[in-house]
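Here the structure is laid out as structure tokens; the discussion comes afterwards.
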Amino acid sequence: MGVFSRQKFFEELGHGCLLPTAQQGLEQVWQLLLICLLCRLLWMFGFPSILKHLATVAGGFYVLYLFFELHMIWVVLLSLLCYLFLFLCRHSTMRGTFLSITVFIYLLLGELHMMDTTNWHKMRGSQMVVAMKAISLAFDLDRGVVTGVPSPVEFMGYIYSAGTVIFGPWISFSSYKDALEGRKMSLSWFFKVSLSWVKSQICLVLSNCVAPYLFPYFIPVYGDKLLRSKKRRKIRGSLAKWLLAYENTLSFHLSNYFVAYLSETTATLAGMGFTEEKENLKWNLTVSNPLSVELPRSMVEVVTSWNLPMSRFLHTYVFQSALKFGTFCAIMVTYAASALLHGLSFHLGAVLVSLGFITYVEHVLRKRLAAILSACILSKKCQANCAHQNKKAPWVYMINVAFSALAVLHLTYLGSVFNSSVDYVEEDEDDMSHHTIQKWSELSWTSHWLTLGCWTLYRLLL
């Protein structure tokens, strides 16, 4: 919005950013919302299952073309490859592992050779959702959760469900089959859809119109001097660098929450995302927990709360499968799988690998301290009946607050590499790597040094 005085900024904020952002958000997704609603209505009627699956596939194809045009063929090819693999290996007991390797090879080839990086990255979200659905189905077949390979129509209906194929979230094949039965519309369903939509729009507006201007206008730490210059990148000083990093991080977080709440909206609108308790139906799909990310107990809680369905997928199908190689190996394999699913990108891979080390070191250090001090200071909150002697002592709270502050610092440091200049423009990997190294160098590699210090402390306490 340019450089304004604080008064002029707030005068321009409404019609210069807030309203255009909300309007553009609605214009981009209203057809997707309509298709989701039509699928919901179709599922309510007593049509044969094959007709519901076919209509679901048609709706999914339409929204894929709406967002990606003819480039959608690469998503379709991935789904066809996955079903062909499941059918040909229907008597194998290692389908999950082999299909995972096949999918990752496809994604890497697509990233490197099959098409230009910009268009491939636009489809990254859909490619990831399709891959996760196919991999989870393969593991469920191996484990007997799903008794037989679905028919082609069932498989494609699951893969291309309009409520999840664009923005997610990941859902299991069993959840899709349950949703296909069609539940009656209710006030709780309408309230859930409306609330998730409102939250998504609030996060979109905050990401575009508030977070980038947080400290110069909303919290003017440097006062009018900074407002007049507005060239914050030229400001030297540790505090200014960390404030700028926090702005970038917060904007990135809010963008993630926007997608998370939007995926809640589309999935619930299409009739998915509920639990049944006796005769009560609860529309309680939760994709992200922003409060647990922004005010975290630990980095372990952050990575879990960032995307709850994906966290469940990675824990169930990757971490548990790799646990036989040891906890550390399982953690690193999980983050490596997450990096491959998200796409071949240096800054994203560097963040995820760093997260792997940070969460592991934090987990083992707090576990060791909890055992020595007999205190409730684990990465995850203790149960009420835990064996620790010190539960609510002031020093226990102080230790937990210190780890929370450390988690916020880690988040700011890691999130500093994400901004519009590197995520949505056509840049090569050299530019990405240079940008990441530069950002972390400006912050003196603080997070990595602190992780090394925590690991050293943990080894001394053994």
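Chain labels A, B, ... are given in the sequence in which chains occur in the structure tokens; within each chain residues are numbered consecutively from 1, and ligands are likewise numbered from 1 in the order shown.
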
Inset, instruction - Could you give me, as a list of chain:residue names, the residues within 9 Å of Ala375 in chain A, counting only C-alpha atoms and dropping anything in the same chain fewer than 3 positions from it? - result: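 My reading of the contact set: A:Leu369, A:Ala370, A:Ala371, A:Ile372, A:Leu378, A:Ala387, A:His388, A:Gln389, A:Asn390, A:Lys391, A:Lys392, A:Ala393, A:Val396.
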
Legend entry - Contact residues around Ser416 in chain A with only C-alpha atoms at 10 Å, ignoring same-chain residues under 2 positions, as a list in words: Lys241, Trp242, Leu243, Leu244, Ala245, Tyr246, Glu247, Asn248, Thr249, Leu250, Ser251, Phe252, His410, Leu411, Thr412, Tyr413, Leu414, Phe418, Asn419, Thr436, Lys439, Trp440 and Leu443 of chain A

Restricting it to N, CA and C atoms, dump the selection as a compact mmCIF listing (two decimals), in the first residue's frame.
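Result went into result-v5.txt, see below:
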# COMPACT_ATOMS: atom_id res chain seq x y z
N LYS A 241 16.17 -6.88 13.06
CA LYS A 241 16.21 -8.09 12.22
C LYS A 241 15.24 -9.14 12.72
N TRP A 242 15.16 -9.30 14.03
CA TRP A 242 14.24 -10.29 14.58
C TRP A 242 12.78 -9.85 14.41
N LEU A 243 12.52 -8.54 14.50
CA LEU A 243 11.16 -8.06 14.27
C LEU A 243 10.73 -8.30 12.83
N LEU A 244 11.63 -8.05 11.89
CA LEU A 244 11.32 -8.30 10.48
C LEU A 244 11.11 -9.79 10.23
N ALA A 245 11.93 -10.61 10.88
CA ALA A 245 11.77 -12.06 10.75
C ALA A 245 10.42 -12.50 11.31
N TYR A 246 10.01 -11.89 12.42
CA TYR A 246 8.71 -12.26 13.02
C TYR A 246 7.56 -11.85 12.11
N GLU A 247 7.68 -10.70 11.46
CA GLU A 247 6.65 -10.28 10.49
C GLU A 247 6.51 -11.31 9.37
N ASN A 248 7.63 -11.72 8.78
CA ASN A 248 7.59 -12.72 7.72
C ASN A 248 6.98 -14.02 8.22
N THR A 249 7.39 -14.43 9.42
CA THR A 249 6.90 -15.67 9.99
C THR A 249 5.40 -15.61 10.23
N LEU A 250 4.94 -14.51 10.82
CA LEU A 250 3.51 -14.39 11.12
C LEU A 250 2.67 -14.38 9.86
N SER A 251 3.14 -13.69 8.82
CA SER A 251 2.41 -13.68 7.56
C SER A 251 2.33 -15.07 6.96
N PHE A 252 3.44 -15.82 7.03
CA PHE A 252 3.45 -17.19 6.54
C PHE A 252 2.51 -18.08 7.35
N HIS A 410 12.50 -20.34 17.84
CA HIS A 410 12.74 -21.28 16.73
C HIS A 410 11.78 -21.00 15.57
N LEU A 411 10.52 -20.76 15.88
CA LEU A 411 9.53 -20.49 14.83
C LEU A 411 9.86 -19.23 14.06
N THR A 412 10.27 -18.20 14.77
CA THR A 412 10.63 -16.95 14.10
C THR A 412 11.84 -17.15 13.20
N TYR A 413 12.81 -17.86 13.71
CA TYR A 413 14.03 -18.11 12.95
C TYR A 413 13.75 -18.94 11.70
N LEU A 414 13.03 -20.04 11.85
CA LEU A 414 12.75 -20.92 10.71
C LEU A 414 11.80 -20.25 9.72
N PHE A 418 10.50 -17.68 4.71
CA PHE A 418 9.30 -17.76 3.89
C PHE A 418 8.73 -16.36 3.68
N ASN A 419 8.68 -15.94 2.44
CA ASN A 419 7.94 -14.73 2.08
C ASN A 419 7.62 -14.80 0.60
N THR A 436 18.01 -18.48 1.82
CA THR A 436 17.89 -19.16 3.12
C THR A 436 19.13 -18.93 3.97
N LYS A 439 19.26 -15.29 5.19
CA LYS A 439 18.32 -15.00 6.27
C LYS A 439 18.83 -15.55 7.60
N TRP A 440 19.30 -16.78 7.59
CA TRP A 440 19.76 -17.39 8.84
C TRP A 440 21.09 -16.79 9.30
N LEU A 443 20.49 -13.73 11.26
CA LEU A 443 20.06 -14.04 12.63
C LEU A 443 21.10 -14.86 13.38

Legend entry - Gap from CA of Pro212 in chain A to CA of Leu239 in chain A - Å, one decimal: 16.6 Å

Legend entry - 7 Å contact set for range 180-186 of chain A, only C-alpha atoms, chain neighbours under 4 positions out, as a ChimeraX atom specification: /A:43-44,176,190,271

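Considering the residues A:Gly148, A:Leu269, A:Ala337, A:Cys39 and counting only C-alpha atoms, Ile135 in chain A has its shortest atom-to-atom contact with A:Ala337.
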
Legend entry - Residues near Ala138 in chain A, cut-off 10 Å, only C-alpha atoms, skip fewer than 6 positions along chain, as a PyMOL selection string: chain A and resi 82-83+85-86+89-90+93-100+132+144-146+149+317

Could those residues be written to a file, using all heavy atoms, as a short mmCIF file (atom, residue, chain, number, x, y, z; two decimals), in the first residue's frame?
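Resulting contents of result23.cif:
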data_model
loop_
_atom_site.label_atom_id
_atom_site.label_comp_id
_atom_site.auth_asym_id
_atom_site.auth_seq_id
_atom_site.Cartn_x
_atom_site.Cartn_y
_atom_site.Cartn_z
N CYS A 82 -0.96 -44.68 -9.41
CA CYS A 82 -1.17 -45.27 -8.09
C CYS A 82 -2.16 -46.44 -8.16
O CYS A 82 -1.92 -47.50 -7.56
CB CYS A 82 -1.68 -44.22 -7.11
SG CYS A 82 -0.46 -42.97 -6.66
N TYR A 83 -3.24 -46.26 -8.92
CA TYR A 83 -4.22 -47.35 -8.98
C TYR A 83 -3.66 -48.54 -9.75
O TYR A 83 -3.90 -49.69 -9.37
CB TYR A 83 -5.52 -46.90 -9.63
CG TYR A 83 -6.60 -47.97 -9.51
CD1 TYR A 83 -7.27 -48.16 -8.31
CD2 TYR A 83 -6.89 -48.82 -10.57
CE1 TYR A 83 -8.22 -49.15 -8.16
CE2 TYR A 83 -7.84 -49.82 -10.45
CZ TYR A 83 -8.50 -49.98 -9.24
OH TYR A 83 -9.43 -50.99 -9.10
N PHE A 85 -0.62 -49.47 -9.84
CA PHE A 85 0.30 -50.14 -8.91
C PHE A 85 -0.48 -50.99 -7.91
O PHE A 85 -0.12 -52.15 -7.66
CB PHE A 85 1.15 -49.10 -8.17
CG PHE A 85 2.17 -49.69 -7.25
CD1 PHE A 85 3.47 -49.91 -7.66
CD2 PHE A 85 1.82 -50.03 -5.94
CE1 PHE A 85 4.40 -50.46 -6.80
CE2 PHE A 85 2.74 -50.58 -5.08
CZ PHE A 85 4.04 -50.80 -5.51
N LEU A 86 -1.54 -50.42 -7.33
CA LEU A 86 -2.33 -51.16 -6.34
C LEU A 86 -2.96 -52.41 -6.96
O LEU A 86 -3.03 -53.46 -6.32
CB LEU A 86 -3.43 -50.26 -5.76
CG LEU A 86 -2.97 -49.12 -4.84
CD1 LEU A 86 -4.15 -48.27 -4.43
CD2 LEU A 86 -2.27 -49.68 -3.60
N CYS A 89 -0.19 -55.09 -7.81
CA CYS A 89 0.43 -55.65 -6.60
C CYS A 89 -0.61 -56.00 -5.55
O CYS A 89 -0.34 -55.93 -4.34
CB CYS A 89 1.44 -54.65 -6.03
SG CYS A 89 2.75 -54.19 -7.16
N ARG A 90 -1.80 -56.38 -5.98
CA ARG A 90 -2.91 -56.59 -5.04
C ARG A 90 -2.68 -57.78 -4.10
O ARG A 90 -3.34 -57.90 -3.07
CB ARG A 90 -4.22 -56.78 -5.80
CG ARG A 90 -4.24 -57.93 -6.80
CD ARG A 90 -5.50 -57.85 -7.65
NE ARG A 90 -5.57 -58.91 -8.65
CZ ARG A 90 -4.96 -58.86 -9.82
NH1 ARG A 90 -4.23 -57.79 -10.13
NH2 ARG A 90 -5.08 -59.84 -10.69
N THR A 93 2.17 -57.80 0.27
CA THR A 93 1.98 -57.27 1.63
C THR A 93 2.89 -56.07 1.89
O THR A 93 3.00 -55.62 3.03
CB THR A 93 2.28 -58.37 2.66
OG1 THR A 93 3.63 -58.84 2.49
CG2 THR A 93 1.31 -59.53 2.53
N MET A 94 3.53 -55.56 0.86
CA MET A 94 4.43 -54.41 0.99
C MET A 94 4.00 -53.27 0.06
O MET A 94 4.82 -52.49 -0.40
CB MET A 94 5.87 -54.83 0.66
CG MET A 94 6.46 -55.84 1.62
SD MET A 94 6.86 -55.10 3.21
CE MET A 94 8.27 -54.10 2.75
N ARG A 95 2.72 -53.19 -0.18
CA ARG A 95 2.23 -52.18 -1.12
C ARG A 95 2.49 -50.76 -0.63
O ARG A 95 2.81 -49.86 -1.42
CB ARG A 95 0.73 -52.39 -1.36
CG ARG A 95 0.39 -53.54 -2.28
CD ARG A 95 -1.07 -53.90 -2.25
NE ARG A 95 -1.42 -54.53 -0.98
CZ ARG A 95 -2.57 -55.18 -0.76
NH1 ARG A 95 -3.47 -55.27 -1.73
NH2 ARG A 95 -2.82 -55.73 0.41
N GLY A 96 2.34 -50.54 0.67
CA GLY A 96 2.53 -49.20 1.21
C GLY A 96 3.93 -48.67 0.96
O GLY A 96 4.12 -47.55 0.48
N THR A 97 4.93 -49.48 1.29
CA THR A 97 6.32 -49.06 1.12
C THR A 97 6.67 -48.85 -0.35
O THR A 97 7.25 -47.82 -0.73
CB THR A 97 7.27 -50.10 1.73
OG1 THR A 97 6.96 -50.27 3.11
CG2 THR A 97 8.71 -49.67 1.58
N PHE A 98 6.31 -49.83 -1.20
CA PHE A 98 6.67 -49.73 -2.62
C PHE A 98 5.92 -48.60 -3.32
O PHE A 98 6.49 -47.90 -4.17
CB PHE A 98 6.40 -51.06 -3.32
CG PHE A 98 7.31 -52.16 -2.89
CD1 PHE A 98 6.86 -53.45 -2.70
CD2 PHE A 98 8.66 -51.90 -2.66
CE1 PHE A 98 7.71 -54.47 -2.29
CE2 PHE A 98 9.53 -52.91 -2.26
CZ PHE A 98 9.05 -54.19 -2.08
N LEU A 99 4.66 -48.39 -2.96
CA LEU A 99 3.91 -47.28 -3.57
C LEU A 99 4.47 -45.94 -3.13
O LEU A 99 4.54 -44.99 -3.93
CB LEU A 99 2.42 -47.39 -3.23
CG LEU A 99 1.54 -46.28 -3.83
CD1 LEU A 99 1.60 -46.32 -5.35
CD2 LEU A 99 0.09 -46.42 -3.36
N SER A 100 4.90 -45.85 -1.88
CA SER A 100 5.51 -44.60 -1.40
C SER A 100 6.74 -44.26 -2.22
O SER A 100 6.92 -43.11 -2.64
CB SER A 100 5.89 -44.74 0.08
OG SER A 100 4.76 -45.00 0.88
N MET A 132 -0.84 -38.61 -0.62
CA MET A 132 -1.14 -39.05 0.74
C MET A 132 -2.33 -40.02 0.76
O MET A 132 -2.31 -41.02 1.49
CB MET A 132 -1.41 -37.84 1.63
CG MET A 132 -0.18 -36.99 1.91
SD MET A 132 -0.58 -35.38 2.61
CE MET A 132 -1.32 -35.84 4.16
N GLY A 144 -4.90 -54.57 6.65
CA GLY A 144 -6.23 -55.15 6.76
C GLY A 144 -7.31 -54.19 7.18
O GLY A 144 -8.46 -54.60 7.41
N VAL A 145 -6.98 -52.90 7.29
CA VAL A 145 -8.00 -51.89 7.63
C VAL A 145 -9.02 -51.78 6.50
O VAL A 145 -10.22 -51.64 6.73
CB VAL A 145 -7.33 -50.53 7.91
CG1 VAL A 145 -8.39 -49.46 8.20
CG2 VAL A 145 -6.36 -50.64 9.08
N VAL A 146 -8.53 -51.84 5.26
CA VAL A 146 -9.38 -51.93 4.07
C VAL A 146 -9.22 -53.34 3.53
O VAL A 146 -8.09 -53.80 3.31
CB VAL A 146 -8.99 -50.88 3.02
CG1 VAL A 146 -9.85 -51.02 1.77
CG2 VAL A 146 -9.12 -49.47 3.59
N VAL A 149 -8.86 -54.20 -2.65
CA VAL A 149 -8.58 -53.04 -3.51
C VAL A 149 -9.91 -52.47 -4.03
O VAL A 149 -10.73 -53.21 -4.58
CB VAL A 149 -7.70 -53.46 -4.69
CG1 VAL A 149 -7.45 -52.27 -5.62
CG2 VAL A 149 -6.37 -54.00 -4.19
N TYR A 317 1.51 -43.65 9.08
CA TYR A 317 2.01 -44.41 7.93
C TYR A 317 3.51 -44.28 7.69
O TYR A 317 4.08 -45.10 6.97
CB TYR A 317 1.25 -43.99 6.68
CG TYR A 317 -0.24 -44.18 6.81
CD1 TYR A 317 -1.09 -43.11 6.96
CD2 TYR A 317 -0.79 -45.46 6.80
CE1 TYR A 317 -2.47 -43.28 7.09
CE2 TYR A 317 -2.16 -45.65 6.94
CZ TYR A 317 -2.99 -44.56 7.09
OH TYR A 317 -4.34 -44.74 7.24
#

Legend entry - Nearest to Gly168 in chain A, chosen from A:Tyr261, A:Trp30, A:Tyr335, A:Phe357, with only C-alpha atoms counted in the distances: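 Closest to Gly168 in chain A of all the choices is A:Tyr261.
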
Inset, instruction - Determine, counting only C-alpha atoms, which protein, DNA and RNA residues have an atom within 10 Å of an atom of Phe274 in chain A; residues of the same chain fewer than 6 positions away are not included. Present the result as a PyMOL selection string. - result: chain A and resi 175+178-179+183+189+267-268+281-286

Inset, instruction - For Leu452 in chain A, list every protein, DNA or RNA residue within 12 Å, evaluated using only C-alpha atoms, and leave out those in the same chain fewer than 5 positions away; present the list as a ChimeraX atom specification. - result: /A:354,357-358,360-362,365,445-447,457-459

Could you save those same residues with N, CA and C atoms as a compact mmCIF listing (two decimals), in the first residue's frame?
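Contents of the output file again-v3.txt:
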# COMPACT_ATOMS: atom_id res chain seq x y z
N SER A 354 15.83 -29.17 9.74
CA SER A 354 16.14 -28.47 10.99
C SER A 354 15.09 -28.78 12.05
N PHE A 357 15.73 -32.17 13.74
CA PHE A 357 16.73 -32.13 14.80
C PHE A 357 16.23 -31.38 16.02
N ILE A 358 15.56 -30.25 15.81
CA ILE A 358 15.09 -29.43 16.93
C ILE A 358 14.09 -30.20 17.78
N TYR A 360 13.59 -33.46 17.98
CA TYR A 360 14.19 -34.62 18.65
C TYR A 360 14.99 -34.19 19.87
N VAL A 361 15.85 -33.18 19.70
CA VAL A 361 16.68 -32.72 20.82
C VAL A 361 15.81 -32.19 21.95
N GLU A 362 14.79 -31.41 21.61
CA GLU A 362 13.89 -30.89 22.64
C GLU A 362 13.20 -32.02 23.39
N LEU A 365 15.75 -33.95 25.67
CA LEU A 365 16.23 -33.11 26.77
C LEU A 365 15.14 -32.94 27.83
N TRP A 445 22.53 -17.64 12.93
CA TRP A 445 22.32 -19.08 13.06
C TRP A 445 21.89 -19.46 14.48
N THR A 446 21.12 -18.57 15.09
CA THR A 446 20.79 -18.70 16.51
C THR A 446 20.12 -20.02 16.84
N SER A 447 19.11 -20.40 16.05
CA SER A 447 18.34 -21.60 16.36
C SER A 447 19.21 -22.85 16.30
N LEU A 457 23.79 -30.27 26.45
CA LEU A 457 23.28 -30.37 27.82
C LEU A 457 22.68 -31.73 28.07
N TYR A 458 21.92 -32.22 27.09
CA TYR A 458 21.30 -33.54 27.22
C TYR A 458 22.37 -34.62 27.39
N ARG A 459 23.44 -34.55 26.61
CA ARG A 459 24.49 -35.57 26.71
C ARG A 459 25.20 -35.49 28.05

Legend entry - Residues near Trp120 in chain A, cut-off 10 Å, only C-alpha atoms, skip fewer than 6 positions along chain, as a list in words: Phe68, His71, Met72, Trp74, Leu107, Gly110, Glu111, Leu112, Met114, Gln127 and Gly343 of chain A

Inset, instruction - Apply DSSP to the structure's backbone, then extract all residues of range 320-429 of chain A labelled helix (DSSP H, G or I) and return them as a PyMOL selection string. - result: chain A and resi 320-325+327-342+346-373+394-415+420-423+429

Legend entry - Best match for closeness to Val318 in chain A among A:Ile219, A:Phe139, A:Phe191, A:Gly356, counting only C-alpha atoms: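 Looking at the shortest contact to Val318 in chain A, the residue is A:Phe139.
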
Inset, instruction - May I ask for the distance between CA of Ser151 in chain A and CA of Ser263 in chain A, given in Å to one decimal place? - result: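 Those two atoms sit 26.5 Å apart.
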